[in-house]
file run-v9.pdb (PDB, C-alpha atoms)
ATOM      1  CA  MET A 374      94.533 -70.063  16.294  1.00  0.00           C
ATOM      2  CA  THR A 375      93.249 -73.594  15.814  1.00  0.00           C
ATOM      3  CA  MET A 376      89.586 -74.438  16.393  1.00  0.00           C
ATOM      4  CA  THR A 377      90.536 -76.796  19.215  1.00  0.00           C
ATOM      5  CA  ARG A 378      92.315 -74.011  21.086  1.00  0.00           C
ATOM      6  CA  LEU A 379      89.405 -71.656  20.493  1.00  0.00           C
ATOM      7  CA  ILE A 380      86.925 -74.170  21.924  1.00  0.00           C
ATOM      8  CA  ARG A 381      89.183 -74.823  24.917  1.00  0.00           C
ATOM      9  CA  SER A 382      89.387 -71.091  25.538  1.00  0.00           C
ATOM     10  CA  GLU A 383      85.610 -70.769  25.410  1.00  0.00           C
ATOM     11  CA  LEU A 384      85.164 -73.717  27.755  1.00  0.00           C
ATOM     12  CA  ARG A 385      87.630 -72.131  30.167  1.00  0.00           C
ATOM     13  CA  LYS A 386      85.634 -68.906  30.150  1.00  0.00           C
ATOM     14  CA  LEU A 387      82.434 -70.810  30.872  1.00  0.00           C
ATOM     15  CA  THR A 388      83.862 -72.900  33.702  1.00  0.00           C
ATOM     16  CA  THR A 389      85.771 -70.172  35.547  1.00  0.00           C
ATOM     17  CA  THR A 390      82.670 -68.220  36.554  1.00  0.00           C
ATOM     18  CA  LYS A 391      79.980 -68.903  39.131  1.00  0.00           C
ATOM     19  CA  MET A 392      77.227 -69.280  36.537  1.00  0.00           C
ATOM     20  CA  PRO A 393      77.586 -73.074  36.127  1.00  0.00           C
ATOM     21  CA  LEU A 394      77.337 -73.445  39.922  1.00  0.00           C
ATOM     22  CA  ALA A 395      74.091 -71.474  39.929  1.00  0.00           C
ATOM     23  CA  PHE A 396      72.605 -73.764  37.300  1.00  0.00           C
ATOM     24  CA  LEU A 397      73.894 -76.819  39.155  1.00  0.00           C
ATOM     25  CA  ALA A 398      72.073 -75.582  42.251  1.00  0.00           C
ATOM     26  CA  VAL A 399      68.864 -75.399  40.218  1.00  0.00           C
ATOM     27  CA  LEU A 400      69.354 -78.994  39.093  1.00  0.00           C
ATOM     28  CA  VAL A 401      69.885 -80.150  42.680  1.00  0.00           C
ATOM     29  CA  VAL A 402      66.694 -78.393  43.779  1.00  0.00           C
ATOM     30  CA  LEU A 403      64.709 -80.015  40.971  1.00  0.00           C
ATOM     31  CA  ALA A 404      66.077 -83.436  41.923  1.00  0.00           C
ATOM     32  CA  GLY A 405      65.063 -82.796  45.517  1.00  0.00           C
ATOM     33  CA  ILE A 406      61.545 -81.902  44.421  1.00  0.00           C
ATOM     34  CA  ASN A 407      61.371 -85.159  42.469  1.00  0.00           C
ATOM     35  CA  ALA A 408      62.507 -87.136  45.502  1.00  0.00           C
ATOM     36  CA  PHE A 409      59.891 -85.440  47.682  1.00  0.00           C
ATOM     37  CA  ALA A 410      57.210 -86.160  45.070  1.00  0.00           C
ATOM     38  CA  VAL A 411      58.085 -89.865  45.064  1.00  0.00           C
ATOM     39  CA  ILE A 412      58.054 -90.131  48.852  1.00  0.00           C
ATOM     40  CA  ALA A 413      55.133 -87.854  49.726  1.00  0.00           C
ATOM     41  CA  GLY A 414      53.097 -87.585  46.537  1.00  0.00           C
ATOM     42  CA  THR A 415      49.883 -89.492  45.934  1.00  0.00           C
ATOM     43  CA  ASP A 416      47.183 -89.729  43.294  1.00  0.00           C
ATOM     44  CA  PHE A 417      43.687 -88.369  43.932  1.00  0.00           C
ATOM     45  CA  ASP A 418      42.649 -91.673  45.455  1.00  0.00           C
ATOM     46  CA  GLY A 419      45.574 -91.656  47.888  1.00  0.00           C
ATOM     47  CA  SER A 420      47.549 -94.334  46.035  1.00  0.00           C
ATOM     48  CA  LYS A 421      50.956 -94.053  44.380  1.00  0.00           C
ATOM     49  CA  GLY A 422      49.860 -95.177  40.950  1.00  0.00           C
ATOM     50  CA  PHE A 423      52.106 -92.573  39.344  1.00  0.00           C
ATOM     51  CA  ILE A 424      55.158 -94.755  40.096  1.00  0.00           C
ATOM     52  CA  SER A 425      53.549 -98.180  39.738  1.00  0.00           C
ATOM     53  CA  THR A 426      54.788 -99.072  36.237  1.00  0.00           C
ATOM     54  CA  GLU A 427      57.955 -98.730  34.223  1.00  0.00           C
ATOM     55  CA  GLY A 428      56.258 -96.186  31.973  1.00  0.00           C
ATOM     56  CA  ASP A 429      55.185 -94.101  34.971  1.00  0.00           C
ATOM     57  CA  GLN A 430      58.683 -94.070  36.418  1.00  0.00           C
ATOM     58  CA  THR A 431      60.230 -93.277  33.043  1.00  0.00           C
ATOM     59  CA  SER A 432      57.876 -90.317  32.657  1.00  0.00           C
ATOM     60  CA  LEU A 433      58.854 -89.119  36.108  1.00  0.00           C
ATOM     61  CA  MET A 434      62.537 -89.263  35.198  1.00  0.00           C
ATOM     62  CA  ALA A 435      62.127 -87.790  31.706  1.00  0.00           C
ATOM     63  CA  PHE A 436      64.243 -84.651  31.997  1.00  0.00           C
ATOM     64  CA  ALA A 437      64.780 -83.743  28.332  1.00  0.00           C
ATOM     65  CA  ALA A 438      62.191 -80.931  28.233  1.00  0.00           C
ATOM     66  CA  ASN A 439      63.651 -79.443  31.420  1.00  0.00           C
ATOM     67  CA  ALA A 440      67.171 -79.835  30.035  1.00  0.00           C
ATOM     68  CA  LEU A 441      66.125 -78.003  26.871  1.00  0.00           C
ATOM     69  CA  ALA A 442      64.752 -75.054  28.840  1.00  0.00           C
ATOM     70  CA  ILE A 443      67.477 -74.821  31.491  1.00  0.00           C
ATOM     71  CA  ALA A 444      70.317 -75.174  29.002  1.00  0.00           C
ATOM     72  CA  GLY A 445      68.538 -72.693  26.728  1.00  0.00           C
ATOM     73  CA  LEU A 446      68.723 -70.063  29.457  1.00  0.00           C
ATOM     74  CA  PHE A 447      72.327 -71.031  30.157  1.00  0.00           C
ATOM     75  CA  GLY A 448      73.275 -70.577  26.506  1.00  0.00           C
ATOM     76  CA  ALA A 449      71.468 -67.254  26.225  1.00  0.00           C
ATOM     77  CA  ILE A 450      73.230 -65.828  29.276  1.00  0.00           C
ATOM     78  CA  ALA A 451      76.625 -67.258  28.325  1.00  0.00           C
ATOM     79  CA  ALA A 452      76.535 -65.747  24.825  1.00  0.00           C
ATOM     80  CA  ALA A 453      74.949 -62.400  25.679  1.00  0.00           C
ATOM     81  CA  ARG A 454      77.180 -61.582  28.635  1.00  0.00           C
ATOM     82  CA  GLU A 455      80.241 -61.786  26.363  1.00  0.00           C
ATOM     83  CA  TYR A 456      79.048 -58.568  24.774  1.00  0.00           C
ATOM     84  CA  GLY A 457      77.864 -56.951  27.990  1.00  0.00           C
ATOM     85  CA  HIS A 458      81.241 -57.567  29.667  1.00  0.00           C
ATOM     86  CA  HIS A 459      83.182 -56.974  26.406  1.00  0.00           C
ATOM     87  CA  THR A 460      85.052 -60.261  26.895  1.00  0.00           C
ATOM     88  CA  VAL A 461      84.307 -61.030  23.275  1.00  0.00           C
ATOM     89  CA  VAL A 462      86.735 -58.306  22.141  1.00  0.00           C
ATOM     90  CA  PRO A 463      89.940 -60.195  23.080  1.00  0.00           C
ATOM     91  CA  THR A 464      88.473 -63.283  21.442  1.00  0.00           C
ATOM     92  CA  PHE A 465      88.007 -61.455  18.159  1.00  0.00           C
ATOM     93  CA  LEU A 466      91.493 -59.963  18.435  1.00  0.00           C
ATOM     94  CA  ALA A 467      92.952 -63.450  18.898  1.00  0.00           C
ATOM     95  CA  GLU A 468      90.818 -64.820  16.054  1.00  0.00           C
ATOM     96  CA  PRO A 469      89.896 -62.044  13.575  1.00  0.00           C
ATOM     97  CA  ARG A 470      87.796 -64.471  11.551  1.00  0.00           C
ATOM     98  CA  ARG A 471      84.718 -63.912  13.630  1.00  0.00           C
ATOM     99  CA  TYR A 472      82.737 -66.826  12.291  1.00  0.00           C
ATOM    100  CA  ARG A 473      85.373 -69.205  13.685  1.00  0.00           C
ATOM    101  CA  ALA A 474      85.226 -67.546  17.088  1.00  0.00           C
ATOM    102  CA  ALA A 475      81.419 -67.691  17.030  1.00  0.00           C
ATOM    103  CA  LEU A 476      81.431 -71.365  16.037  1.00  0.00           C
ATOM    104  CA  ALA A 477      83.902 -72.139  18.830  1.00  0.00           C
ATOM    105  CA  GLN A 478      81.651 -70.370  21.320  1.00  0.00           C
ATOM    106  CA  LEU A 479      78.622 -72.302  20.075  1.00  0.00           C
ATOM    107  CA  SER A 480      80.562 -75.574  20.314  1.00  0.00           C
ATOM    108  CA  ALA A 481      81.633 -74.869  23.890  1.00  0.00           C
ATOM    109  CA  ILE A 482      78.135 -73.830  24.893  1.00  0.00           C
ATOM    110  CA  ALA A 483      76.682 -76.945  23.246  1.00  0.00           C
ATOM    111  CA  VAL A 484      79.078 -79.152  25.225  1.00  0.00           C
ATOM    112  CA  SER A 485      78.206 -77.301  28.425  1.00  0.00           C
ATOM    113  CA  GLY A 486      74.496 -77.616  27.709  1.00  0.00           C
ATOM    114  CA  GLY A 487      74.870 -81.335  27.109  1.00  0.00           C
ATOM    115  CA  VAL A 488      76.724 -81.712  30.406  1.00  0.00           C
ATOM    116  CA  LEU A 489      74.019 -79.729  32.208  1.00  0.00           C
ATOM    117  CA  GLY A 490      71.349 -81.950  30.711  1.00  0.00           C
ATOM    118  CA  LEU A 491      73.259 -85.078  31.670  1.00  0.00           C
ATOM    119  CA  LEU A 492      73.848 -83.850  35.228  1.00  0.00           C
ATOM    120  CA  GLY A 493      70.190 -82.890  35.560  1.00  0.00           C
ATOM    121  CA  VAL A 494      68.849 -86.227  34.427  1.00  0.00           C
ATOM    122  CA  GLY A 495      71.503 -88.094  36.417  1.00  0.00           C
ATOM    123  CA  LEU A 496      70.424 -86.316  39.586  1.00  0.00           C
ATOM    124  CA  THR A 497      66.782 -86.956  38.731  1.00  0.00           C
ATOM    125  CA  VAL A 498      67.278 -90.674  38.106  1.00  0.00           C
ATOM    126  CA  ALA A 499      69.332 -90.962  41.305  1.00  0.00           C
ATOM    127  CA  SER A 500      66.704 -89.109  43.347  1.00  0.00           C
ATOM    128  CA  VAL A 501      63.943 -91.385  42.096  1.00  0.00           C
ATOM    129  CA  ALA A 502      65.995 -94.546  42.636  1.00  0.00           C
ATOM    130  CA  VAL A 503      66.965 -93.507  46.168  1.00  0.00           C
ATOM    131  CA  SER A 504      63.411 -92.474  47.067  1.00  0.00           C
ATOM    132  CA  LEU A 505      61.574 -95.552  45.795  1.00  0.00           C
ATOM    133  CA  PRO A 506      62.620 -97.811  48.720  1.00  0.00           C
ATOM    134  CA  ALA A 507      60.534 -95.512  50.946  1.00  0.00           C
ATOM    135  CA  THR A 508      57.465 -96.651  48.960  1.00  0.00           C
ATOM    136  CA  ASP A 509      55.978-100.038  48.120  1.00  0.00           C
ATOM    137  CA  TYR A 510      57.554-100.007  44.661  1.00  0.00           C
ATOM    138  CA  GLY A 511      61.011-100.840  43.405  1.00  0.00           C
ATOM    139  CA  PHE A 512      62.970 -99.351  40.523  1.00  0.00           C
ATOM    140  CA  LEU A 513      61.228-100.728  37.435  1.00  0.00           C
ATOM    141  CA  VAL A 514      62.966 -98.916  34.586  1.00  0.00           C
ATOM    142  CA  SER A 515      65.170-101.092  32.382  1.00  0.00           C
ATOM    143  CA  THR A 516      68.804-100.259  31.706  1.00  0.00           C
ATOM    144  CA  GLY A 517      67.977 -99.539  28.060  1.00  0.00           C
ATOM    145  CA  ASN A 518      65.320 -97.008  28.988  1.00  0.00           C
ATOM    146  CA  VAL A 519      67.605 -95.357  31.522  1.00  0.00           C
ATOM    147  CA  ILE A 520      70.267 -94.974  28.828  1.00  0.00           C
ATOM    148  CA  GLN A 521      67.682 -93.457  26.469  1.00  0.00           C
ATOM    149  CA  VAL A 522      66.549 -90.993  29.144  1.00  0.00           C
ATOM    150  CA  LEU A 523      70.172 -90.003  29.814  1.00  0.00           C
ATOM    151  CA  GLY A 524      71.031 -89.612  26.137  1.00  0.00           C
ATOM    152  CA  ALA A 525      67.873 -87.676  25.335  1.00  0.00           C
ATOM    153  CA  SER A 526      68.513 -85.183  28.123  1.00  0.00           C
ATOM    154  CA  ALA A 527      72.125 -84.651  27.103  1.00  0.00           C
ATOM    155  CA  PHE A 528      71.044 -84.103  23.489  1.00  0.00           C
ATOM    156  CA  ALA A 529      68.208 -81.768  24.498  1.00  0.00           C
ATOM    157  CA  GLY A 530      70.605 -79.810  26.714  1.00  0.00           C
ATOM    158  CA  ALA A 531      73.022 -79.305  23.841  1.00  0.00           C
ATOM    159  CA  VAL A 532      70.201 -78.268  21.508  1.00  0.00           C
ATOM    160  CA  GLY A 533      68.701 -75.856  24.031  1.00  0.00           C
ATOM    161  CA  ALA A 534      72.085 -74.299  24.765  1.00  0.00           C
ATOM    162  CA  VAL A 535      72.789 -73.658  21.076  1.00  0.00           C
ATOM    163  CA  LEU A 536      69.298 -72.218  20.589  1.00  0.00           C
ATOM    164  CA  GLY A 537      69.768 -69.878  23.548  1.00  0.00           C
ATOM    165  CA  ALA A 538      73.270 -68.922  22.453  1.00  0.00           C
ATOM    166  CA  GLY A 539      71.975 -68.003  19.018  1.00  0.00           C
ATOM    167  CA  ILE A 540      69.393 -65.698  20.576  1.00  0.00           C
ATOM    168  CA  GLY A 541      72.043 -64.278  22.919  1.00  0.00           C
ATOM    169  CA  SER A 542      74.347 -63.503  19.995  1.00  0.00           C
ATOM    170  CA  LEU A 543      71.522 -61.734  18.203  1.00  0.00           C
ATOM    171  CA  VAL A 544      70.275 -59.689  21.157  1.00  0.00           C
ATOM    172  CA  ARG A 545      73.633 -59.126  22.944  1.00  0.00           C
ATOM    173  CA  ASN A 546      71.902 -58.189  26.167  1.00  0.00           C
ATOM    174  CA  VAL A 547      71.430 -60.673  28.991  1.00  0.00           C
ATOM    175  CA  GLY A 548      67.942 -59.507  29.913  1.00  0.00           C
ATOM    176  CA  GLY A 549      66.815 -59.448  26.303  1.00  0.00           C
ATOM    177  CA  ALA A 550      68.428 -62.809  25.577  1.00  0.00           C
ATOM    178  CA  VAL A 551      66.677 -64.448  28.532  1.00  0.00           C
ATOM    179  CA  THR A 552      63.383 -62.862  27.491  1.00  0.00           C
ATOM    180  CA  GLY A 553      63.837 -64.046  23.914  1.00  0.00           C
ATOM    181  CA  THR A 554      64.638 -67.580  25.026  1.00  0.00           C
ATOM    182  CA  VAL A 555      61.633 -67.693  27.347  1.00  0.00           C
ATOM    183  CA  LEU A 556      59.512 -66.427  24.469  1.00  0.00           C
ATOM    184  CA  ALA A 557      60.889 -69.066  22.086  1.00  0.00           C
ATOM    185  CA  LEU A 558      60.608 -72.022  24.466  1.00  0.00           C
ATOM    186  CA  PHE A 559      57.694 -71.223  26.767  1.00  0.00           C
ATOM    187  CA  ILE A 560      55.384 -68.539  25.386  1.00  0.00           C
ATOM    188  CA  ALA A 561      55.419 -68.874  21.606  1.00  0.00           C
ATOM    189  CA  PRO A 562      54.922 -72.671  21.311  1.00  0.00           C
ATOM    190  CA  PRO A 563      51.466 -72.843  22.946  1.00  0.00           C
ATOM    191  CA  LEU A 564      50.338 -69.746  21.036  1.00  0.00           C
ATOM    192  CA  ILE A 565      51.533 -71.227  17.748  1.00  0.00           C
ATOM    193  CA  GLY A 566      49.847 -74.494  18.671  1.00  0.00           C
ATOM    194  CA  GLN A 567      46.530 -72.705  19.135  1.00  0.00           C
ATOM    195  CA  LEU A 568      46.821 -70.829  15.857  1.00  0.00           C
ATOM    196  CA  ALA A 569      48.061 -73.858  13.910  1.00  0.00           C
ATOM    197  CA  PRO A 570      47.076 -77.064  15.752  1.00  0.00           C
ATOM    198  CA  ASP A 571      48.978 -79.282  13.320  1.00  0.00           C
ATOM    199  CA  SER A 572      52.231 -77.633  14.409  1.00  0.00           C
ATOM    200  CA  ALA A 573      51.827 -78.530  18.087  1.00  0.00           C
ATOM    201  CA  SER A 574      53.709 -81.806  17.626  1.00  0.00           C
ATOM    202  CA  TRP A 575      56.757 -79.912  16.378  1.00  0.00           C
ATOM    203  CA  MET A 576      57.264 -77.645  19.362  1.00  0.00           C
ATOM    204  CA  PRO A 577      60.580 -78.099  21.227  1.00  0.00           C
ATOM    205  CA  SER A 578      59.265 -79.470  24.525  1.00  0.00           C
ATOM    206  CA  VAL A 579      57.044 -82.000  22.734  1.00  0.00           C
ATOM    207  CA  LEU A 580      59.930 -83.114  20.545  1.00  0.00           C
ATOM    208  CA  ALA A 581      62.102 -83.545  23.637  1.00  0.00           C
ATOM    209  CA  THR A 582      59.582 -85.927  25.212  1.00  0.00           C
ATOM    210  CA  VAL A 583      59.508 -87.926  21.983  1.00  0.00           C
ATOM    211  CA  VAL A 584      63.297 -88.298  22.000  1.00  0.00           C
ATOM    212  CA  THR A 585      63.057 -89.488  25.612  1.00  0.00           C
ATOM    213  CA  GLY A 586      60.647 -92.227  24.540  1.00  0.00           C
ATOM    214  CA  VAL A 587      57.697 -90.863  26.499  1.00  0.00           C
ATOM    215  CA  GLY A 588      55.893 -89.068  23.660  1.00  0.00           C
ATOM    216  CA  GLU A 589      54.723 -90.512  20.358  1.00  0.00           C
ATOM    217  CA  GLU A 590      53.571 -87.421  18.465  1.00  0.00           C
ATOM    218  CA  VAL A 591      56.207 -87.895  15.734  1.00  0.00           C
ATOM    219  CA  SER A 592      58.902 -90.472  15.018  1.00  0.00           C
ATOM    220  CA  PRO A 593      62.113 -90.254  17.096  1.00  0.00           C
ATOM    221  CA  GLY A 594      64.207 -89.557  14.010  1.00  0.00           C
ATOM    222  CA  ALA A 595      61.935 -86.720  12.948  1.00  0.00           C
ATOM    223  CA  ALA A 596      62.003 -85.318  16.490  1.00  0.00           C
ATOM    224  CA  ILE A 597      65.807 -85.306  16.553  1.00  0.00           C
ATOM    225  CA  ALA A 598      65.989 -83.619  13.147  1.00  0.00           C
ATOM    226  CA  ALA A 599      63.399 -81.006  14.116  1.00  0.00           C
ATOM    227  CA  LEU A 600      65.193 -80.169  17.359  1.00  0.00           C
ATOM    228  CA  ILE A 601      68.430 -79.682  15.431  1.00  0.00           C
ATOM    229  CA  VAL A 602      66.625 -77.250  13.118  1.00  0.00           C
ATOM    230  CA  TRP A 603      65.244 -75.383  16.145  1.00  0.00           C
ATOM    231  CA  ALA A 604      68.836 -74.895  17.306  1.00  0.00           C
ATOM    232  CA  ILE A 605      70.536 -74.250  13.959  1.00  0.00           C
ATOM    233  CA  VAL A 606      68.256 -71.429  12.804  1.00  0.00           C
ATOM    234  CA  PRO A 607      68.930 -68.969  15.677  1.00  0.00           C
ATOM    235  CA  ALA A 608      72.557 -70.110  15.848  1.00  0.00           C
ATOM    236  CA  ALA A 609      73.097 -69.381  12.143  1.00  0.00           C
ATOM    237  CA  LEU A 610      71.432 -65.986  12.504  1.00  0.00           C
ATOM    238  CA  GLY A 611      73.653 -65.282  15.490  1.00  0.00           C
ATOM    239  CA  VAL A 612      76.823 -66.151  13.571  1.00  0.00           C
ATOM    240  CA  LEU A 613      75.684 -63.960  10.694  1.00  0.00           C
ATOM    241  CA  ALA A 614      75.022 -61.078  13.104  1.00  0.00           C
ATOM    242  CA  VAL A 615      78.484 -61.480  14.631  1.00  0.00           C
ATOM    243  CA  GLN A 616      79.993 -61.194  11.155  1.00  0.00           C
ATOM    244  CA  ARG A 617      78.152 -58.031  10.192  1.00  0.00           C
ATOM    245  CA  ARG A 618      77.640 -55.993  13.340  1.00  0.00           C
ATOM    246  CA  ASP A 619      80.060 -53.841  15.292  1.00  0.00           C
ATOM    247  CA  VAL A 620      81.202 -55.349  18.590  1.00  0.00           C
ATOM    248  CA  ALA A 621      81.632 -52.089  20.491  1.00  0.00           C
TER     249      ALA A 621
END
call {"tool": "encode", "arguments": {"input": "run-v9.pdb", "output": "structure tokens"}}
result
Amino acid sequence: MTMTRLIRSELRKLTTTKMPLAFLAVLVVLAGINAFAVIAGTDFDGSKGFISTEGDQTSLMAFAANALAIAGLFGAIAAAREYGHHTVVPTFLAEPRRYRAALAQLSAIAVSGGVLGLLGVGLTVASVAVSLPATDYGFLVSTGNVIQVLGASAFAGAVGAVLGAGIGSLVRNVGGAVTGTVLALFIAPPLIGQLAPDSASWMPSVLATVVTGVGEEVSPGAAIAALIVWAIVPAALGVLAVQRRDVA
């Protein structure tokens, strides 16, 4: 079976379940919260200084860190449930070379994660733009910055999805995969940052803000490269585990 057909098959499996709809609902809720914050939120002095400049509005719309986390959970669940539901067995029968099947699954999950990230940031940008007329401020973010915010979130979504899928392939249990992803993205980074302060700039959520253009801890190129490494390591371990471990 060609790689293109394998990826199409994996995409079909991902899009014919209710899981994407559940994640879409989460994105809609987050966009609604953003809209409410723009309309009803104030600073401590009662003003709306948090939306008064282009930088403030860009920070409000910066969705890359959220995309990384949400897509990470999506990838973990998508990969792990294949083993829980044994739907991976027909895949391996159709493509006995397991590494190809695993790479196709990772590719499909990466695409799905990128789409989730893009949908999330699109809803966020739209919610902010629609809500601003209810305030004294207009939409101040330039087209170039909007494009960067969109691209960064799509990239972060793809990275997070691959990271989560790698963990899911290693753990092969939905609960364990979700726990491992939460540990990798939420719990471990601040602990590592406390133990090794110099490493704080290289944690996934920080790198995502840099790619968005909001953070300046490292260069954008270095942030992109580091995020790719964060995704490739668990993904490579997951592919190796698929090769060596029994599916049943």
call {"tool": "resolve_selection", "arguments": {"input": "run-v9.pdb", "expression": "the PyMOL selection byres ((chain A and resi 377) around 12)", "output": "ChimeraX atom specification"}}
result
/A:374-376,378-384,473-474,476-478,480-481
call {"tool": "atom_distance", "arguments": {"input": "run-v9.pdb", "atom1": "CA of Asn407 (chain A)", "atom2": "CA of Ala525 (chain A)"}}
result
18.5 Å
call {"tool": "resolve_selection", "arguments": {"input": "run-v9.pdb", "expression": "the PyMOL selection byres ((chain A and resi 599-615) around 8)", "output": "NGL selection string"}}
result
:A and (471-472 or 475-476 or 479 or 529 or 532-533 or 535-543 or 575 or 577 or 580-581 or 595-598 or 616-620)
call {"tool": "axis_aligned_box", "arguments": {"input": "run-v9.pdb", "around": "region 415-434 of chain A", "padding_each_side": "3 Å", "output": "AutoDock Vina command-line options"}}
result
--center_x 52.6 --center_y -93.7 --center_z 39.9 --size_x 25.9 --size_y 16.7 --size_z 21.9
call {"tool": "atom_distance", "arguments": {"input": "run-v9.pdb", "atom1": "CA of Ile520 (chain A)", "atom2": "CA of Ile450 (chain A)"}}
result
29.3 Å
call {"tool": "atom_distance", "arguments": {"input": "run-v9.pdb", "atom1": "CA of Val555 (chain A)", "atom2": "CA of Leu441 (chain A)"}}
result
11.3 Å
call {"tool": "residues_near_point", "arguments": {"input": "run-v9.pdb", "point": "(63.7, -97.4, 21.5)", "cutoff": "10 Å", "atoms": "all atoms listed in the file", "output": "PyMOL selection string"}}
result
chain A and resi 517-518+521+584-586+593
call {"tool": "closest_residue", "arguments": {"input": "run-v9.pdb", "among": "A:Val501, A:Leu491, A:Ile482, A:Leu394", "to": "Phe409 (chain A)", "atoms": "all atoms listed in the file"}}
result
A:Val501
call {"tool": "resolve_selection", "arguments": {"input": "run-v9.pdb", "expression": "the PyMOL selection byres ((chain A and resi 485-488) around 7)", "output": "ChimeraX atom specification"}}
result
/A:444,481-484,489-492,527-528,530-531,534
call {"tool": "residues_around", "arguments": {"input": "run-v9.pdb", "residues": "region 421-429 of chain A", "least_positions_apart": "2", "cutoff": "8 Å", "atoms": "all atoms listed in the file", "output": "PDB file with C-alpha atoms, in the frame of the given file"}}
result
ATOM      1  CA  VAL A 411      58.085 -89.865  45.064  1.00  0.00           C
ATOM      2  CA  GLY A 414      53.097 -87.585  46.537  1.00  0.00           C
ATOM      3  CA  THR A 415      49.883 -89.492  45.934  1.00  0.00           C
ATOM      4  CA  ASP A 416      47.183 -89.729  43.294  1.00  0.00           C
ATOM      5  CA  GLY A 419      45.574 -91.656  47.888  1.00  0.00           C
ATOM      6  CA  THR A 431      60.230 -93.277  33.043  1.00  0.00           C
ATOM      7  CA  SER A 432      57.876 -90.317  32.657  1.00  0.00           C
ATOM      8  CA  LEU A 433      58.854 -89.119  36.108  1.00  0.00           C
ATOM      9  CA  TYR A 510      57.554-100.007  44.661  1.00  0.00           C
ATOM     10  CA  LEU A 513      61.228-100.728  37.435  1.00  0.00           C
ATOM     11  CA  VAL A 514      62.966 -98.916  34.586  1.00  0.00           C
ATOM     12  CA  SER A 515      65.170-101.092  32.382  1.00  0.00           C
ATOM     13  CA  VAL A 587      57.697 -90.863  26.499  1.00  0.00           C
TER      14      VAL A 587
END
call {"tool": "closest_residue", "arguments": {"input": "run-v9.pdb", "among": "A:Ala442, A:Val591, A:Pro506, A:Leu496", "to": "Leu558 (chain A)", "atoms": "all atoms listed in the file"}}
result
A:Ala442
call {"tool": "closest_residue", "arguments": {"input": "run-v9.pdb", "among": "A:Ala451, A:Val522, A:Phe436, A:Ala404", "to": "Thr388 (chain A)", "atoms": "all atoms listed in the file"}}
result
A:Ala451
call {"tool": "closest_residue", "arguments": {"input": "run-v9.pdb", "among": "A:Ala453, A:Ala410, A:Ala438, A:Val503", "to": "Val579 (chain A)", "atoms": "only C-alpha atoms"}}
result
A:Ala438
call {"tool": "closest_residue", "arguments": {"input": "run-v9.pdb", "among": "A:Leu400, A:Ala550, A:Met392, A:Leu387", "to": "Thr460 (chain A)", "atoms": "all atoms listed in the file"}}
result
A:Leu387
call {"tool": "decode", "arguments": {"input": "run-v9.pdb", "residues": "region 556-568 of chain A", "atoms": "N, CA and C atoms", "output": "PDB file, in the first residue's frame"}}
result
ATOM      1  N   LEU A 556       1.824  15.484  31.779  1.00  0.00           N
ATOM      2  CA  LEU A 556       3.102  15.539  32.488  1.00  0.00           C
ATOM      3  C   LEU A 556       4.159  16.240  31.638  1.00  0.00           C
ATOM      4  N   ALA A 557       4.217  15.893  30.354  1.00  0.00           N
ATOM      5  CA  ALA A 557       5.247  16.448  29.469  1.00  0.00           C
ATOM      6  C   ALA A 557       5.036  17.926  29.180  1.00  0.00           C
ATOM      7  N   LEU A 558       3.783  18.350  29.070  1.00  0.00           N
ATOM      8  CA  LEU A 558       3.502  19.726  28.639  1.00  0.00           C
ATOM      9  C   LEU A 558       3.165  20.687  29.771  1.00  0.00           C
ATOM     10  N   PHE A 559       2.643  20.168  30.887  1.00  0.00           N
ATOM     11  CA  PHE A 559       2.174  21.055  31.939  1.00  0.00           C
ATOM     12  C   PHE A 559       2.955  20.933  33.252  1.00  0.00           C
ATOM     13  N   ILE A 560       3.269  19.709  33.637  1.00  0.00           N
ATOM     14  CA  ILE A 560       3.852  19.491  34.970  1.00  0.00           C
ATOM     15  C   ILE A 560       5.369  19.520  34.939  1.00  0.00           C
ATOM     16  N   ALA A 561       5.964  18.786  34.016  1.00  0.00           N
ATOM     17  CA  ALA A 561       7.429  18.699  33.982  1.00  0.00           C
ATOM     18  C   ALA A 561       8.120  20.016  33.660  1.00  0.00           C
ATOM     19  N   PRO A 562       7.641  20.808  32.681  1.00  0.00           N
ATOM     20  CA  PRO A 562       8.374  22.036  32.331  1.00  0.00           C
ATOM     21  C   PRO A 562       8.644  22.990  33.487  1.00  0.00           C
ATOM     22  N   PRO A 563       7.648  23.339  34.322  1.00  0.00           N
ATOM     23  CA  PRO A 563       7.974  24.247  35.430  1.00  0.00           C
ATOM     24  C   PRO A 563       8.924  23.626  36.454  1.00  0.00           C
ATOM     25  N   LEU A 564       8.797  22.306  36.663  1.00  0.00           N
ATOM     26  CA  LEU A 564       9.712  21.637  37.594  1.00  0.00           C
ATOM     27  C   LEU A 564      11.136  21.654  37.057  1.00  0.00           C
ATOM     28  N   ILE A 565      11.280  21.369  35.769  1.00  0.00           N
ATOM     29  CA  ILE A 565      12.610  21.405  35.147  1.00  0.00           C
ATOM     30  C   ILE A 565      13.171  22.820  35.203  1.00  0.00           C
ATOM     31  N   GLY A 566      12.294  23.796  34.972  1.00  0.00           N
ATOM     32  CA  GLY A 566      12.724  25.192  35.009  1.00  0.00           C
ATOM     33  C   GLY A 566      13.238  25.602  36.374  1.00  0.00           C
ATOM     34  N   GLN A 567      12.649  25.050  37.427  1.00  0.00           N
ATOM     35  CA  GLN A 567      13.115  25.363  38.782  1.00  0.00           C
ATOM     36  C   GLN A 567      14.450  24.695  39.072  1.00  0.00           C
ATOM     37  N   LEU A 568      14.600  23.471  38.594  1.00  0.00           N
ATOM     38  CA  LEU A 568      15.843  22.736  38.850  1.00  0.00           C
ATOM     39  C   LEU A 568      16.990  23.246  37.977  1.00  0.00           C
TER      40      LEU A 568
END
